[in-house]
$ cat work29.pdb   # PDB, C-alpha atoms
ATOM      1  CA  MET A   1       0.000   0.000   0.000
ATOM      2  CA  LYS A   2       0.903   3.653  -0.238
ATOM      3  CA  ILE A   3       0.849   4.958   3.322
ATOM      4  CA  LEU A   4       1.399   8.523   4.494
ATOM      5  CA  VAL A   5       3.007   8.638   7.951
ATOM      6  CA  THR A   6       3.365  11.937   9.785
ATOM      7  CA  GLY A   7       6.127  12.245  12.368
ATOM      8  CA  THR A   8       8.710  10.069  10.582
ATOM      9  CA  ALA A   9      11.577  12.002  12.195
ATOM     10  CA  GLY A  10      10.037  11.078  15.544
ATOM     11  CA  PHE A  11      10.539   8.088  17.794
ATOM     12  CA  ILE A  12       7.476   5.966  16.947
ATOM     13  CA  GLY A  13       7.117   7.263  13.379
ATOM     14  CA  SER A  14      10.648   6.336  12.332
ATOM     15  CA  HIS A  15      10.290   2.804  13.731
ATOM     16  CA  LEU A  16       6.894   2.407  12.043
ATOM     17  CA  ALA A  17       8.259   3.570   8.671
ATOM     18  CA  HIS A  18      11.000   0.905   8.812
ATOM     19  CA  VAL A  19       8.469  -1.869   9.451
ATOM     20  CA  LEU A  20       6.107  -0.727   6.691
ATOM     21  CA  LEU A  21       8.944  -0.417   4.169
ATOM     22  CA  ALA A  22      10.297  -3.839   5.137
ATOM     23  CA  ARG A  23       6.979  -5.468   4.273
ATOM     24  CA  GLY A  24       6.842  -3.723   0.902
ATOM     25  CA  ASP A  25       4.661  -0.679   1.504
ATOM     26  CA  GLU A  26       5.470   2.726   0.047
ATOM     27  CA  VAL A  27       5.838   5.391   2.779
ATOM     28  CA  ILE A  28       5.412   9.134   2.348
ATOM     29  CA  GLY A  29       7.056  10.534   5.476
ATOM     30  CA  VAL A  30       5.877  13.946   6.659
ATOM     31  CA  ASP A  31       7.757  15.869   9.371
ATOM     32  CA  ASN A  32       8.797  19.473   9.982
ATOM     33  CA  VAL A  33      11.837  18.422  12.107
ATOM     34  CA  ASN A  34      11.194  21.132  14.704
ATOM     35  CA  ASP A  35      13.569  21.924  17.559
ATOM     36  CA  TYR A  36      11.398  20.758  20.480
ATOM     37  CA  TYR A  37      14.312  18.422  21.192
ATOM     38  CA  ASP A  38      17.710  17.591  19.633
ATOM     39  CA  VAL A  39      17.324  18.076  15.865
ATOM     40  CA  SER A  40      20.447  15.987  15.167
ATOM     41  CA  LEU A  41      18.697  12.927  16.646
ATOM     42  CA  LYS A  42      15.697  13.518  14.367
ATOM     43  CA  GLU A  43      18.003  13.913  11.354
ATOM     44  CA  ALA A  44      19.804  10.689  12.302
ATOM     45  CA  ARG A  45      16.479   8.827  12.383
ATOM     46  CA  LEU A  46      15.580  10.213   8.950
ATOM     47  CA  ALA A  47      19.036   9.404   7.549
ATOM     48  CA  ARG A  48      18.358   5.712   8.202
ATOM     49  CA  LEU A  49      15.177   5.943   6.111
ATOM     50  CA  LYS A  50      16.187   8.179   3.218
ATOM     51  CA  ASN A  51      18.015   5.591   1.126
ATOM     52  CA  LEU A  52      15.487   2.818   1.608
ATOM     53  CA  PRO A  53      13.409   1.948  -1.490
ATOM     54  CA  GLY A  54       9.844   3.191  -1.230
ATOM     55  CA  PHE A  55      10.488   6.098   1.162
ATOM     56  CA  THR A  56       9.695   9.690   0.211
ATOM     57  CA  GLU A  57      10.417  12.543   2.604
ATOM     58  CA  VAL A  58       8.159  15.610   2.745
ATOM     59  CA  ARG A  59       9.392  18.298   5.141
ATOM     60  CA  ILE A  60       6.370  20.395   6.154
ATOM     61  CA  ALA A  61       4.395  21.171   9.304
ATOM     62  CA  LEU A  62       0.890  19.814   9.835
ATOM     63  CA  GLU A  63      -0.419  23.353  10.275
ATOM     64  CA  ASP A  64       0.696  24.196   6.701
ATOM     65  CA  ARG A  65      -2.741  23.693   5.145
ATOM     66  CA  ASP A  66      -1.666  24.237   1.555
ATOM     67  CA  GLY A  67       1.389  22.036   1.991
ATOM     68  CA  ILE A  68      -0.650  19.153   3.422
ATOM     69  CA  GLU A  69      -3.224  19.441   0.637
ATOM     70  CA  GLN A  70      -0.506  19.489  -2.012
ATOM     71  CA  THR A  71       1.183  16.434  -0.467
ATOM     72  CA  PHE A  72      -2.055  14.425  -0.521
ATOM     73  CA  SER A  73      -2.832  15.578  -4.077
ATOM     74  CA  GLN A  74       0.607  14.595  -5.333
ATOM     75  CA  HIS A  75       0.976  11.224  -3.576
ATOM     76  CA  GLN A  76      -2.640  10.044  -3.146
ATOM     77  CA  PRO A  77      -2.030   7.822  -0.096
ATOM     78  CA  GLN A  78      -4.425   4.951   0.509
ATOM     79  CA  ARG A  79      -4.021   5.025   4.282
ATOM     80  CA  VAL A  80      -2.652   7.524   6.793
ATOM     81  CA  VAL A  81      -0.986   7.229  10.202
ATOM     82  CA  ASN A  82      -0.858  10.581  12.016
ATOM     83  CA  LEU A  83       1.840  10.477  14.708
ATOM     84  CA  ALA A  84       3.171  14.033  14.373
ATOM     85  CA  ALA A  85       2.153  16.247  17.276
ATOM     86  CA  GLN A  86       3.511  18.624  19.832
ATOM     87  CA  ALA A  87       4.328  16.163  22.600
ATOM     88  CA  GLY A  88       5.050  16.542  26.301
ATOM     89  CA  VAL A  89       2.813  17.209  29.276
ATOM     90  CA  ARG A  90       5.202  19.587  31.041
ATOM     91  CA  TYR A  91       6.001  21.670  27.961
ATOM     92  CA  SER A  92       2.269  22.314  27.485
ATOM     93  CA  LEU A  93       2.359  24.384  30.672
ATOM     94  CA  GLU A  94       5.007  26.660  29.126
ATOM     95  CA  ASN A  95       4.013  26.890  25.462
ATOM     96  CA  PRO A  96       0.289  26.157  25.010
ATOM     97  CA  HIS A  97       0.047  27.707  21.542
ATOM     98  CA  ALA A  98       2.349  25.039  20.111
ATOM     99  CA  TYR A  99      -0.289  22.436  21.030
ATOM    100  CA  ILE A 100      -3.123  24.365  19.417
ATOM    101  CA  ASP A 101      -1.136  24.814  16.188
ATOM    102  CA  ALA A 102       0.150  21.242  15.732
ATOM    103  CA  ASN A 103      -2.429  19.138  17.555
ATOM    104  CA  LEU A 104      -5.647  20.952  16.656
ATOM    105  CA  VAL A 105      -5.070  23.030  13.517
ATOM    106  CA  GLY A 106      -2.663  20.413  12.143
ATOM    107  CA  PHE A 107      -5.007  17.517  12.851
ATOM    108  CA  CYS A 108      -7.898  19.364  11.182
ATOM    109  CA  ASN A 109      -5.738  19.675   8.053
ATOM    110  CA  ILE A 110      -5.065  15.922   8.117
ATOM    111  CA  LEU A 111      -8.770  15.137   8.519
ATOM    112  CA  GLU A 112      -9.726  17.440   5.661
ATOM    113  CA  ALA A 113      -7.053  15.943   3.385
ATOM    114  CA  CYS A 114      -8.200  12.402   4.228
ATOM    115  CA  ARG A 115     -11.797  13.375   3.510
ATOM    116  CA  HIS A 116     -11.119  14.992   0.146
ATOM    117  CA  HIS A 117      -8.717  12.304  -1.085
ATOM    118  CA  SER A 118     -10.812   9.253  -0.189
ATOM    119  CA  VAL A 119      -8.332   7.802   2.319
ATOM    120  CA  GLU A 120      -9.352   4.249   3.290
ATOM    121  CA  HIS A 121      -8.331   4.479   6.943
ATOM    122  CA  LEU A 122      -6.844   7.096   9.260
ATOM    123  CA  VAL A 123      -4.995   5.846  12.340
ATOM    124  CA  TYR A 124      -3.917   8.615  14.705
ATOM    125  CA  ALA A 125      -2.011   8.959  17.954
ATOM    126  CA  SER A 126      -3.966   9.764  21.059
ATOM    127  CA  SER A 127      -2.456   9.361  24.524
ATOM    128  CA  SER A 128      -2.947   7.715  27.905
ATOM    129  CA  SER A 129      -2.901  11.272  29.266
ATOM    130  CA  VAL A 130      -6.570  11.664  28.214
ATOM    131  CA  TYR A 131      -7.513   9.655  31.321
ATOM    132  CA  GLY A 132      -6.449  12.656  33.410
ATOM    133  CA  ALA A 133      -8.120  12.599  36.812
ATOM    134  CA  ASN A 134      -9.513   9.062  36.337
ATOM    135  CA  THR A 135      -8.408   6.693  39.091
ATOM    136  CA  SER A 136     -10.297   3.478  38.216
ATOM    137  CA  MET A 137      -7.694   0.956  36.987
ATOM    138  CA  PRO A 138      -7.011  -0.380  34.446
ATOM    139  CA  PHE A 139      -7.963   2.517  32.173
ATOM    140  CA  SER A 140     -10.613   1.473  29.644
ATOM    141  CA  VAL A 141     -11.563   3.128  26.349
ATOM    142  CA  HIS A 142     -15.172   2.609  27.434
ATOM    143  CA  ASP A 143     -14.713   4.990  30.384
ATOM    144  CA  ASN A 144     -15.552   8.695  30.353
ATOM    145  CA  VAL A 145     -12.451  10.891  29.901
ATOM    146  CA  ASP A 146     -13.791  14.397  30.400
ATOM    147  CA  HIS A 147     -11.309  15.536  33.062
ATOM    148  CA  PRO A 148      -7.884  16.142  31.456
ATOM    149  CA  VAL A 149      -5.192  17.660  33.674
ATOM    150  CA  SER A 150      -2.966  19.203  30.965
ATOM    151  CA  LEU A 151      -3.513  21.034  27.683
ATOM    152  CA  TYR A 152      -1.615  18.244  25.919
ATOM    153  CA  ALA A 153      -4.198  15.749  27.206
ATOM    154  CA  ALA A 154      -7.047  18.075  26.224
ATOM    155  CA  SER A 155      -5.646  18.369  22.683
ATOM    156  CA  LYS A 156      -5.543  14.571  22.353
ATOM    157  CA  LYS A 157      -9.108  14.227  23.638
ATOM    158  CA  ALA A 158     -10.078  16.896  21.093
ATOM    159  CA  ASN A 159      -8.451  14.804  18.328
ATOM    160  CA  GLU A 160     -10.711  11.882  19.250
ATOM    161  CA  LEU A 161     -13.799  14.115  19.096
ATOM    162  CA  MET A 162     -12.729  15.645  15.773
ATOM    163  CA  ALA A 163     -12.069  12.204  14.291
ATOM    164  CA  HIS A 164     -15.497  10.978  15.376
ATOM    165  CA  THR A 165     -17.133  13.928  13.657
ATOM    166  CA  TYR A 166     -15.425  13.065  10.355
ATOM    167  CA  SER A 167     -16.271   9.380  10.748
ATOM    168  CA  HIS A 168     -19.904  10.334  11.351
ATOM    169  CA  LEU A 169     -20.308  13.020   8.676
ATOM    170  CA  TYR A 170     -18.101  11.656   5.889
ATOM    171  CA  ARG A 171     -17.855   7.927   6.760
ATOM    172  CA  LEU A 172     -14.080   8.285   7.055
ATOM    173  CA  PRO A 173     -12.842   5.226   8.995
ATOM    174  CA  THR A 174     -10.717   6.466  11.907
ATOM    175  CA  THR A 175      -8.915   4.646  14.702
ATOM    176  CA  GLY A 176      -7.371   6.458  17.681
ATOM    177  CA  LEU A 177      -4.584   4.795  19.649
ATOM    178  CA  ARG A 178      -4.004   5.870  23.245
ATOM    179  CA  PHE A 179      -0.269   5.256  23.682
ATOM    180  CA  PHE A 180       1.073   4.314  27.109
ATOM    181  CA  THR A 181       4.685   5.408  27.979
ATOM    182  CA  VAL A 182       6.631   4.156  24.959
ATOM    183  CA  TYR A 183      10.368   3.495  25.375
ATOM    184  CA  GLY A 184      13.237   1.875  23.491
ATOM    185  CA  PRO A 185      16.145   2.587  21.093
ATOM    186  CA  TRP A 186      16.012   5.945  19.280
ATOM    187  CA  GLY A 187      13.702   7.251  22.021
ATOM    188  CA  ARG A 188      12.926  10.852  22.936
ATOM    189  CA  PRO A 189      15.459  12.824  25.032
ATOM    190  CA  ASP A 190      12.639  14.408  27.059
ATOM    191  CA  MET A 191      11.444  11.021  28.335
ATOM    192  CA  ALA A 192      12.492   9.600  31.703
ATOM    193  CA  LEU A 193      14.556   6.642  30.456
ATOM    194  CA  PHE A 194      16.694   8.855  28.213
ATOM    195  CA  MET A 195      17.237  11.522  30.895
ATOM    196  CA  PHE A 196      17.958   8.955  33.606
ATOM    197  CA  THR A 197      20.508   7.132  31.430
ATOM    198  CA  LYS A 198      22.278  10.347  30.485
ATOM    199  CA  ASN A 199      22.517  11.627  34.049
ATOM    200  CA  ILE A 200      23.585   8.321  35.609
ATOM    201  CA  LEU A 201      26.371   7.873  33.048
ATOM    202  CA  GLU A 202      27.502  11.473  33.633
ATOM    203  CA  GLY A 203      27.427  11.067  37.427
ATOM    204  CA  LYS A 204      24.589  13.555  37.844
ATOM    205  CA  PRO A 205      21.521  13.083  40.086
ATOM    206  CA  ILE A 206      18.187  12.082  38.552
ATOM    207  CA  ASP A 207      14.919  13.826  39.434
ATOM    208  CA  VAL A 208      12.427  11.256  40.762
ATOM    209  CA  PHE A 209       8.987  12.850  40.900
ATOM    210  CA  ASN A 210       6.145  11.862  43.216
ATOM    211  CA  TYR A 211       8.909  10.591  45.530
ATOM    212  CA  GLY A 212       9.276   7.510  43.316
ATOM    213  CA  GLN A 213       5.681   6.357  43.834
ATOM    214  CA  HIS A 214       4.734   6.636  40.139
ATOM    215  CA  GLN A 215       3.490   3.593  38.265
ATOM    216  CA  ARG A 216       3.678   3.516  34.482
ATOM    217  CA  ASP A 217       2.556   1.037  31.837
ATOM    218  CA  PHE A 218       5.953   1.115  30.090
ATOM    219  CA  THR A 219       5.571  -0.288  26.566
ATOM    220  CA  TYR A 220       8.476  -1.290  24.328
ATOM    221  CA  ILE A 221       8.656   0.301  20.885
ATOM    222  CA  ASP A 222       8.539  -2.980  18.910
ATOM    223  CA  ASP A 223       5.306  -3.995  20.648
ATOM    224  CA  ILE A 224       3.830  -0.554  19.962
ATOM    225  CA  VAL A 225       4.709  -0.633  16.257
ATOM    226  CA  GLU A 226       3.315  -4.125  15.803
ATOM    227  CA  GLY A 227       0.059  -2.901  17.330
ATOM    228  CA  VAL A 228      -0.035   0.148  15.045
ATOM    229  CA  VAL A 229       0.504  -1.967  11.926
ATOM    230  CA  ARG A 230      -2.135  -4.504  12.948
ATOM    231  CA  THR A 231      -4.576  -1.658  13.602
ATOM    232  CA  LEU A 232      -3.787   0.035  10.289
ATOM    233  CA  ASP A 233      -4.608  -3.207   8.477
ATOM    234  CA  HIS A 234      -7.890  -3.568  10.403
ATOM    235  CA  VAL A 235     -10.092  -0.784   9.001
ATOM    236  CA  ALA A 236     -12.477   0.702  11.569
ATOM    237  CA  GLU A 237     -16.113  -0.346  11.179
ATOM    238  CA  PRO A 238     -19.375   0.797  12.770
ATOM    239  CA  ASN A 239     -20.552  -0.972  15.911
ATOM    240  CA  PRO A 240     -24.074  -2.226  15.062
ATOM    241  CA  GLN A 241     -24.872  -2.618  18.785
ATOM    242  CA  TRP A 242     -24.032   1.016  19.600
ATOM    243  CA  SER A 243     -26.893   2.854  21.307
ATOM    244  CA  GLY A 244     -27.380   6.525  22.048
ATOM    245  CA  ASP A 245     -29.299   5.523  25.172
ATOM    246  CA  HIS A 246     -26.104   4.022  26.617
ATOM    247  CA  PRO A 247     -23.311   5.524  24.500
ATOM    248  CA  ASP A 248     -20.049   3.591  24.412
ATOM    249  CA  SER A 249     -17.017   5.903  24.281
ATOM    250  CA  GLY A 250     -14.775   3.427  22.447
ATOM    251  CA  THR A 251     -17.025   2.688  19.458
ATOM    252  CA  SER A 252     -19.790   4.310  17.423
ATOM    253  CA  LYS A 253     -22.459   3.855  14.778
ATOM    254  CA  ALA A 254     -19.852   5.537  12.592
ATOM    255  CA  PRO A 255     -16.671   3.724  11.389
ATOM    256  CA  TYR A 256     -14.748   4.831  14.492
ATOM    257  CA  ARG A 257     -12.651   3.005  17.069
ATOM    258  CA  LEU A 258     -10.507   3.864  20.076
ATOM    259  CA  TYR A 259      -7.931   1.501  21.550
ATOM    260  CA  ASN A 260      -5.449   1.550  24.386
ATOM    261  CA  ILE A 261      -2.018   0.402  23.268
ATOM    262  CA  GLY A 262       0.146  -0.471  26.245
ATOM    263  CA  ASN A 263       1.920  -3.321  27.986
ATOM    264  CA  HIS A 264      -1.029  -4.063  30.323
ATOM    265  CA  GLN A 265       1.484  -4.386  33.163
ATOM    266  CA  PRO A 266       2.235  -1.259  35.212
ATOM    267  CA  VAL A 267       5.707  -1.029  36.764
ATOM    268  CA  GLU A 268       6.791   0.944  39.818
ATOM    269  CA  LEU A 269       9.140   3.755  38.838
ATOM    270  CA  MET A 270      11.677   2.639  41.425
ATOM    271  CA  ARG A 271      11.746  -0.859  39.880
ATOM    272  CA  PHE A 272      12.262   0.722  36.451
ATOM    273  CA  ILE A 273      15.233   2.694  37.825
ATOM    274  CA  GLU A 274      16.615  -0.436  39.507
ATOM    275  CA  VAL A 275      16.613  -2.329  36.197
ATOM    276  CA  LEU A 276      18.315   0.614  34.495
ATOM    277  CA  GLU A 277      20.997   0.697  37.215
ATOM    278  CA  ASP A 278      21.636  -3.017  36.653
ATOM    279  CA  CYS A 279      21.964  -2.508  32.876
ATOM    280  CA  LEU A 280      24.374   0.409  33.371
ATOM    281  CA  GLY A 281      26.289  -1.237  36.190
ATOM    282  CA  LYS A 282      26.023   2.017  38.105
ATOM    283  CA  LYS A 283      23.810   3.333  40.895
ATOM    284  CA  ALA A 284      21.792   6.521  40.482
ATOM    285  CA  GLU A 285      21.922   9.467  42.839
ATOM    286  CA  LYS A 286      18.236  10.230  43.327
ATOM    287  CA  ASN A 287      16.664  13.627  43.914
ATOM    288  CA  PHE A 288      13.172  12.883  45.251
ATOM    289  CA  LEU A 289      10.563  15.539  44.373
ATOM    290  CA  PRO A 290       6.772  16.007  44.642
ATOM    291  CA  MET A 291       4.494  15.239  41.713
ATOM    292  CA  GLN A 292       4.576  17.853  38.955
ATOM    293  CA  GLN A 293       1.590  19.838  37.752
ATOM    294  CA  GLY A 294      -0.254  18.090  34.926
ATOM    295  CA  ASP A 295       1.143  14.676  35.891
ATOM    296  CA  VAL A 296      -0.775  11.607  37.132
ATOM    297  CA  PRO A 297       0.373   9.047  39.718
ATOM    298  CA  ALA A 298      -0.325   5.907  37.691
ATOM    299  CA  THR A 299      -1.225   4.557  34.243
ATOM    300  CA  TYR A 300      -2.456   1.050  33.438
ATOM    301  CA  ALA A 301      -3.900   0.053  30.066
ATOM    302  CA  ASP A 302      -6.809  -2.292  29.517
ATOM    303  CA  VAL A 303      -5.862  -3.676  26.079
ATOM    304  CA  ASP A 304      -8.542  -6.391  25.838
ATOM    305  CA  ASP A 305     -10.264  -4.734  22.848
ATOM    306  CA  LEU A 306      -7.020  -4.466  20.874
ATOM    307  CA  MET A 307      -6.107  -8.063  21.687
ATOM    308  CA  ARG A 308      -9.547  -9.275  20.599
ATOM    309  CA  ASP A 309      -9.821  -7.231  17.396
ATOM    310  CA  VAL A 310      -6.292  -7.398  15.953
ATOM    311  CA  GLY A 311      -4.430 -10.033  18.005
ATOM    312  CA  TYR A 312      -2.227  -7.499  19.780
ATOM    313  CA  ALA A 313       0.068  -9.231  22.282
ATOM    314  CA  PRO A 314       2.856  -7.159  23.918
ATOM    315  CA  LYS A 315       5.693  -9.441  24.933
ATOM    316  CA  THR A 316       8.792  -7.386  25.832
ATOM    317  CA  PRO A 317       9.622  -7.211  29.578
ATOM    318  CA  ILE A 318      11.325  -4.084  30.895
ATOM    319  CA  GLU A 319      14.507  -6.056  31.602
ATOM    320  CA  THR A 320      14.870  -6.771  27.876
ATOM    321  CA  GLY A 321      13.630  -3.402  26.644
ATOM    322  CA  ILE A 322      15.829  -1.294  28.924
ATOM    323  CA  ALA A 323      18.908  -3.396  28.073
ATOM    324  CA  ARG A 324      18.290  -2.784  24.360
ATOM    325  CA  PHE A 325      17.881   0.947  24.975
ATOM    326  CA  VAL A 326      21.132   1.139  26.955
ATOM    327  CA  ALA A 327      23.005  -0.758  24.216
ATOM    328  CA  TRP A 328      21.657   1.662  21.596
ATOM    329  CA  TYR A 329      22.419   4.742  23.735
ATOM    330  CA  LYS A 330      26.037   3.725  24.297
ATOM    331  CA  ASP A 331      26.512   2.912  20.620
ATOM    332  CA  TYR A 332      24.850   6.130  19.384
ATOM    333  CA  TYR A 333      26.841   8.381  21.723
ATOM    334  CA  GLY A 334      30.078   6.375  21.442
ATOM    335  CA  ILE A 335      30.247   5.383  25.105
ATOM    336  CA  ALA A 336      32.459   2.372  25.881
TER     337      ALA A 336
END
$ encode --input "work29.pdb" --output "structure tokens"
Amino acid sequence: MKILVTGTAGFIGSHLAHVLLARGDEVIGVDNVNDYYDVSLKEARLARLKNLPGFTEVRIALEDRDGIEQTFSQHQPQRVVNLAAQAGVRYSLENPHAYIDANLVGFCNILEACRHHSVEHLVYASSSSVYGANTSMPFSVHDNVDHPVSLYAASKKANELMAHTYSHLYRLPTTGLRFFTVYGPWGRPDMALFMFTKNILEGKPIDVFNYGQHQRDFTYIDDIVEGVVRTLDHVAEPNPQWSGDHPDSGTSKAPYRLYNIGNHQPVELMRFIEVLEDCLGKKAEKNFLPMQQGDVPATYADVDDLMRDVGYAPKTPIETGIARFVAWYKDYYGIA
């Protein structure tokens, strides 16, 4: 198939592009390579893709309406995976307009392009952060998520609402994936594993928020990408049992689906750090701090729907995943 993937200079997008190309798909990779974090890392991810047969790079921002329309007109993708977004809970407290531009205006441009170019299926990144103030575990896509605690979370909830509108009005099949704490090689420098590894190797203390009492459903990149591909191949369909008397948040009478994509196995942050220390052969100096604004104490994904519908089965334990990340980190930065 010809698949347009936004965010191909990003962590998940670059991994996804490799898998799609390896199975013979053509990938049109859209990214603006912004400076939210180290641009050289983004360029290095793209460099691994550029010479692969079937890959075409398009360097534009999602909020460039004319550019997005021109890209769809020129390449006529059959399916679309929208992973590009302004990420980060904490950064949304400092620069809210970046989230409106990329995550709302940009996503509207993607929806409009999919509508006007008869795209067969749009899969888009949502986030576990939409669960916000929810405390009932594990988080289910059938639960109400009307209490976000950051603008980033609100923008992702808005994406789900916007997608439903297009599924309802224009019968555009859309599937939203609520990602749970993705980690692994080529990961983001603003994520905990990357920052912890860097500081421990440099002999600097690590900031441990919520006094180490966080729990996260850490999910390895290979498991995430397999789930994305399986979902992309499984075009969203209407739920014939859906009723407005008892509306189900995860499905619809329209061709619309929401799924959690996580490891279904929350891990204590202190255990995560312990495994990292073992992989590095070095203990961390810990700076224990209270929970940050916009953060939540725990995440835990109910992935039963994704397992049932597409056969999703995450299988990478943190011991394996962290070891692979550390090996990549040392190789990438030339650390013996």
$ resolve_selection --input "work29.pdb" --expression "the PyMOL selection byres ((chain A and resi 59) around 12)" --output "list in words"
Val5, Thr6, Gly7, Thr8, Ala9, Ile28, Gly29, Val30, Asp31, Asn32, Val33, Asn34, Glu43, Leu46, Thr56, Glu57, Val58, Ile60, Ala61, Leu62, Asp64, Gly67, Ile68, Thr71 and Ala84 of chain A
$ resolve_selection --input "work29.pdb" --expression "the PyMOL selection byres ((chain A and resi 268-273) around 10)" --output "PyMOL selection string"
chain A and resi 192-193+196-197+206+208-218+266-267+274-279+283-284+286+298+318-319+322
$ closest_residue --input "work29.pdb" --among "A:Gln86, A:Thr165, A:Ser136, A:Thr181" --to "Arg115 of chain A" --atoms "all atoms listed in the file"
A:Thr165
$ residues_around --input "work29.pdb" --residues "segment 72-75 of chain A" --least-positions-apart "2" --cutoff "9 Å" --atoms "only C-alpha atoms" --output "count of residues only"
11
$ closest_residue --input "work29.pdb" --among "A:Ile221, A:Leu177, A:Val81, A:Ala153" --to "Thr320 of chain A" --atoms "all atoms listed in the file"
A:Ile221
$ closest_residue --input "work29.pdb" --among "A:Asn144, A:Ser129, A:Gln76, A:Gln265" --to "Pro247 of chain A" --atoms "all atoms listed in the file"
A:Asn144
$ closest_residue --input "work29.pdb" --among "A:Met291, A:Glu94, A:Ala158, A:Ser127" --to "Phe139 of chain A" --atoms "all atoms listed in the file"
A:Ser127
